[in-house]
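Written out below as structure tokens is the structure these notes cover.
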Amino acid sequence: MFMFSRSICCANLNQLSTFETLFSNLKLRPYATPLIGPLQTCESRIYREKAEYANVNWDELGFALTKTDYMYVMNFTEEEQKFFNGTLTRFGNIEMCPSSGILNYGQGLFEGLKAYRKEDEGILLFRPQENALRMKIGADRMCMPSPTVDQFIDAVKKTVLANKRWVPPYGRGSLYVRPLLMGTGRNLGVKPSSDYTFLVYASPVGNYHKGDLNLMVEDNVRRAIPGGTGGIKAVTNYSPVYKPLTEAKAKGFSDLLFLDASTGSNIEEGSACNIFILKGNVISTPTTHGTILPGITRKSIMEIASDFGYQVEERAIPIKEVFDAEEIFCTGTAMVVKSVASITYQGKRIEYKLGAETLAQKLHATLTGIQTGLIEDKLGWTMLID
């Protein structure tokens, strides 16, 4: 069956008859879905083959691994001195030397991005170039080579298309894509690895936090320190917060809000999300000065909020400012945008505005509308890959 994207158009009237003849001769399968609409200088009937879906209860998806069909693997060797021969392989376990850099010294990075299903069942990626560039910055900090931006995006595209039956239907989740960069050479001493592996896998996901988001300020443990790796997605950034996070969840909290290591008086971020506070027409978020991850969702929300007419500022935010904030919300690839229901600090609980009229909900609707193709992408953030 011939499949045409919506980008086909007739450059002149002579071409129009050619297209009409071609469409009239198509023998369409019974499950083809017609899409009718203008195509720049011509109007015609377009058909997209109905998507095949995996046997998944999409309405029950949480944020957990569902094994999909394929993953992408590409290697860097000391001899070649470049990433080469990337291939798709069945999703499964990988073999690694016990003395590899990732296992012994944590020399590794990861990224996270999503693929979304459109109403017409096409598939969109959201700002993959930003993830590729962030990985390159992180790789430089961790003394690692990294794939080029084109290699990164190509790997993500191939992984998503190979697993496209796992991309949830429109409005019922997304396909979370996890690129990994790991030192896999044999090293016993403390030094950069000689060989590296770039691997991409994917899993369908639903909401990261299904209930209200109740934060507890962590007053003792610091997530990151100046001069450290808090500003990149190093694999070693996350497990050190497991202990206080587990204790907070045992008390009924959703997540932690960390303070800065220098003064212990300014808010920084959650365990896996950035934070914003709203007062009047001003939206504030902590400055990413090396201890806070520069989130891609964070960056996008700042641009959307500015377009809404809000004054958006990056600055140091003292913890005391959360007491009189009108609204607080968090952002991240996993949670997208979510209102904070409450923050508890030193035994004092502050509750915030929730519901459909919040700024967070409006930002969420706009961002997800762009991500799923429901709202026109005037900024060039999305990438159609099928």
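By order of appearance in the structure tokens: chains A, B, ..., then residues from 1 within every chain, and ligands from 1 in the order shown.
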
For the contact check between stretch 138-253 of chain A and stretch 290-304 of chain A, emit one row per residue of stretch 138-253 of chain A within 8 Å, containing the shortest atom pair and the distance in Å rounded to one decimal, counting only C-alpha atoms, chain then rising number order, as JSON lines.
```
{"residue": "A:Ala224", "atom": "CA", "partner": "A:Thr291", "partner_atom": "CA", "distance": 5.4}
{"residue": "A:Ile225", "atom": "CA", "partner": "A:Thr291", "partner_atom": "CA", "distance": 6.0}
{"residue": "A:Pro226", "atom": "CA", "partner": "A:Thr291", "partner_atom": "CA", "distance": 6.0}
{"residue": "A:Gly227", "atom": "CA", "partner": "A:Gly290", "partner_atom": "CA", "distance": 6.9}
{"residue": "A:Gly228", "atom": "CA", "partner": "A:Thr291", "partner_atom": "CA", "distance": 7.0}
{"residue": "A:Thr229", "atom": "CA", "partner": "A:Thr291", "partner_atom": "CA", "distance": 6.8}
{"residue": "A:Gly230", "atom": "CA", "partner": "A:Thr291", "partner_atom": "CA", "distance": 4.2}
{"residue": "A:Gly231", "atom": "CA", "partner": "A:Leu293", "partner_atom": "CA", "distance": 4.2}
{"residue": "A:Ile232", "atom": "CA", "partner": "A:Leu293", "partner_atom": "CA", "distance": 5.8}
{"residue": "A:Lys233", "atom": "CA", "partner": "A:Leu293", "partner_atom": "CA", "distance": 7.2}
```

Margin query: Quick check for you: according to DSSP on this backbone, which residues of stretch 186-356 of chain A are classed as helix (DSSP H, G or I)? Reply as an NGL selection string.
Written below: :A and (235-237 or 239-250 or 296-307 or 319-324)

Saved selection, atoms kept: N, CA, C and O atoms, as a short mmCIF file (atom, residue, chain, number, x, y, z; two decimals), in the first residue's frame:
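Saved as out-v3.cif:
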```
data_model
loop_
_atom_site.label_atom_id
_atom_site.label_comp_id
_atom_site.auth_asym_id
_atom_site.auth_seq_id
_atom_site.Cartn_x
_atom_site.Cartn_y
_atom_site.Cartn_z
N VAL A 235 24.45 9.38 35.90
CA VAL A 235 23.72 8.31 36.58
C VAL A 235 23.94 8.34 38.09
O VAL A 235 23.09 7.88 38.86
N THR A 236 25.05 8.91 38.51
CA THR A 236 25.37 8.95 39.94
C THR A 236 24.61 10.02 40.71
O THR A 236 24.71 10.10 41.93
N ASN A 237 23.82 10.84 40.04
CA ASN A 237 23.10 11.91 40.73
C ASN A 237 21.87 11.41 41.48
O ASN A 237 21.35 12.13 42.34
N SER A 239 20.81 7.90 42.81
CA SER A 239 20.73 6.95 43.93
C SER A 239 21.09 7.55 45.29
O SER A 239 20.57 7.08 46.31
N PRO A 240 21.94 8.59 45.39
CA PRO A 240 22.20 9.17 46.71
C PRO A 240 20.97 9.75 47.41
O PRO A 240 21.00 9.93 48.63
N VAL A 241 19.91 10.02 46.66
CA VAL A 241 18.71 10.58 47.31
C VAL A 241 17.67 9.50 47.61
O VAL A 241 16.60 9.80 48.14
N TYR A 242 17.97 8.24 47.28
CA TYR A 242 17.00 7.17 47.52
C TYR A 242 16.61 7.07 48.99
O TYR A 242 15.44 6.86 49.32
N LYS A 243 17.59 7.18 49.88
CA LYS A 243 17.30 6.99 51.30
C LYS A 243 16.32 8.04 51.84
O LYS A 243 15.26 7.69 52.39
N PRO A 244 16.62 9.34 51.70
CA PRO A 244 15.64 10.33 52.20
C PRO A 244 14.33 10.30 51.43
O PRO A 244 13.26 10.56 52.01
N LEU A 245 14.37 9.95 50.14
CA LEU A 245 13.15 9.89 49.36
C LEU A 245 12.25 8.74 49.83
O LEU A 245 11.03 8.90 49.97
N THR A 246 12.88 7.59 50.10
CA THR A 246 12.12 6.44 50.62
C THR A 246 11.49 6.76 51.97
O THR A 246 10.33 6.42 52.23
N GLU A 247 12.24 7.45 52.81
CA GLU A 247 11.71 7.83 54.13
C GLU A 247 10.56 8.82 54.00
O GLU A 247 9.56 8.73 54.73
N ALA A 248 10.67 9.76 53.05
CA ALA A 248 9.60 10.73 52.85
C ALA A 248 8.33 10.06 52.33
O ALA A 248 7.22 10.38 52.77
N LYS A 249 8.50 9.13 51.41
CA LYS A 249 7.33 8.43 50.86
C LYS A 249 6.66 7.58 51.93
O LYS A 249 5.43 7.41 51.91
N ALA A 250 7.45 7.03 52.83
CA ALA A 250 6.88 6.25 53.93
C ALA A 250 6.00 7.12 54.83
O ALA A 250 5.10 6.61 55.52
N ILE A 296 14.50 20.33 29.82
CA ILE A 296 13.97 20.73 28.52
C ILE A 296 12.51 21.13 28.65
O ILE A 296 12.04 22.08 28.00
N THR A 297 11.76 20.43 29.50
CA THR A 297 10.38 20.84 29.78
C THR A 297 10.39 22.20 30.47
O THR A 297 9.57 23.07 30.17
N ARG A 298 11.31 22.39 31.41
CA ARG A 298 11.47 23.67 32.10
C ARG A 298 11.67 24.80 31.10
O ARG A 298 11.01 25.84 31.16
N LYS A 299 12.58 24.60 30.18
CA LYS A 299 12.90 25.60 29.16
C LYS A 299 11.67 25.91 28.31
O LYS A 299 11.38 27.08 28.00
N SER A 300 10.93 24.86 27.94
CA SER A 300 9.74 25.03 27.09
C SER A 300 8.64 25.80 27.84
O SER A 300 7.98 26.68 27.27
N ILE A 301 8.43 25.45 29.10
CA ILE A 301 7.40 26.12 29.90
C ILE A 301 7.74 27.60 30.10
O ILE A 301 6.84 28.46 30.09
N MET A 302 9.00 27.92 30.26
CA MET A 302 9.40 29.32 30.40
C MET A 302 9.03 30.12 29.15
O MET A 302 8.55 31.25 29.23
N GLU A 303 9.21 29.50 27.99
CA GLU A 303 8.88 30.18 26.74
C GLU A 303 7.37 30.32 26.57
O GLU A 303 6.88 31.37 26.14
N ILE A 304 6.64 29.28 26.90
CA ILE A 304 5.18 29.34 26.78
C ILE A 304 4.60 30.37 27.76
O ILE A 304 3.72 31.17 27.40
N ALA A 305 5.08 30.37 28.99
CA ALA A 305 4.59 31.32 29.99
C ALA A 305 4.88 32.76 29.56
O ALA A 305 4.05 33.66 29.78
N SER A 306 6.03 32.99 28.98
CA SER A 306 6.36 34.33 28.48
C SER A 306 5.38 34.74 27.39
O SER A 306 4.92 35.89 27.34
N ASP A 307 5.02 33.80 26.51
CA ASP A 307 4.04 34.08 25.45
C ASP A 307 2.67 34.37 26.03
O ASP A 307 1.88 35.11 25.43
N ILE A 319 13.73 29.69 50.69
CA ILE A 319 12.67 28.77 51.08
C ILE A 319 11.47 29.51 51.67
O ILE A 319 10.32 29.09 51.49
N LYS A 320 11.71 30.63 52.32
CA LYS A 320 10.61 31.38 52.95
C LYS A 320 9.59 31.87 51.93
O LYS A 320 8.42 32.14 52.28
N GLU A 321 9.99 31.98 50.64
CA GLU A 321 9.06 32.48 49.63
C GLU A 321 7.97 31.48 49.28
O GLU A 321 6.95 31.85 48.69
N VAL A 322 8.16 30.21 49.62
CA VAL A 322 7.10 29.25 49.32
C VAL A 322 5.90 29.47 50.23
O VAL A 322 4.79 29.01 49.93
N PHE A 323 6.08 30.19 51.35
CA PHE A 323 4.99 30.40 52.30
C PHE A 323 3.90 31.30 51.75
O PHE A 323 2.73 31.18 52.13
N ASP A 324 4.26 32.25 50.86
CA ASP A 324 3.24 33.17 50.35
C ASP A 324 3.07 33.09 48.83
O ASP A 324 2.55 34.02 48.21
#
```

Note to self: List as a PyMOL selection string the protein and nucleic acid residues near stretch 78-80 of chain A, meaning an atom at most 9 Å away when only C-alpha atoms are counted, but skip any in the same chain fewer than 4 places from it.
What the structure shows: chain A and resi 84+185+194-196

Notebook entry, point to check: Please, what distance in Å, to one decimal, runs between atom CA of A:Ile317 and atom CA of A:Ile275?
Noted result: 10.4 Å

Item checked: strand (DSSP E or B) residues, from DSSP on the backbone, in stretch 218-365 of chain A, as an MDAnalysis selection string -> chainID A and resid 218 234 255:259 266:270 274:279 282:285 311:314 318 327:332 336:345 348:351

Margin query: Set the distance at 9 Å and use only C-alpha atoms: which residues neighbour A:Phe152 once local chain neighbours fewer than 4 positions away are removed? I'd like the list as a ChimeraX atom specification.
Written below: /A:128-129,131-132,146-148,156-157,179,198

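Every protein, DNA or RNA residue with an atom at most 8 Å from A:Trp166, where only C-alpha atoms count and chain neighbours fewer than 4 positions away do not, is listed here: Tyr53, Ala54, Thr68, Leu175, Ser203 and Pro204 of chain A.
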
List as a PDB file with N, CA, C and O atoms, in the first residue's frame the protein and nucleic acid residues near A:Pro286, meaning an atom at most 7 Å away when only C-alpha atoms are counted, but skip any in the same chain fewer than 6 places from it.
```pdb
ATOM      1  N   GLU A 268      16.034  24.344  45.342  1.00  0.00           N
ATOM      2  CA  GLU A 268      16.697  23.997  44.081  1.00  0.00           C
ATOM      3  C   GLU A 268      15.779  23.188  43.169  1.00  0.00           C
ATOM      4  O   GLU A 268      15.259  23.705  42.208  1.00  0.00           O
ATOM      5  N   GLU A 314      14.682  33.807  36.380  1.00  0.00           N
ATOM      6  CA  GLU A 314      15.535  32.788  37.004  1.00  0.00           C
ATOM      7  C   GLU A 314      16.350  33.485  38.090  1.00  0.00           C
ATOM      8  O   GLU A 314      17.049  34.461  37.797  1.00  0.00           O
ATOM      9  N   ARG A 315      16.282  32.984  39.309  1.00  0.00           N
ATOM     10  CA  ARG A 315      16.992  33.626  40.409  1.00  0.00           C
ATOM     11  C   ARG A 315      17.072  32.672  41.599  1.00  0.00           C
ATOM     12  O   ARG A 315      16.431  31.616  41.613  1.00  0.00           O
ATOM     13  N   ALA A 316      17.846  33.071  42.592  1.00  0.00           N
ATOM     14  CA  ALA A 316      17.861  32.332  43.847  1.00  0.00           C
ATOM     15  C   ALA A 316      16.531  32.578  44.558  1.00  0.00           C
ATOM     16  O   ALA A 316      16.074  33.718  44.659  1.00  0.00           O
ATOM     17  N   ILE A 317      15.899  31.495  45.024  1.00  0.00           N
ATOM     18  CA  ILE A 317      14.585  31.607  45.680  1.00  0.00           C
ATOM     19  C   ILE A 317      14.696  31.094  47.114  1.00  0.00           C
ATOM     20  O   ILE A 317      14.824  29.886  47.339  1.00  0.00           O
TER      21      ILE A 317
END
```
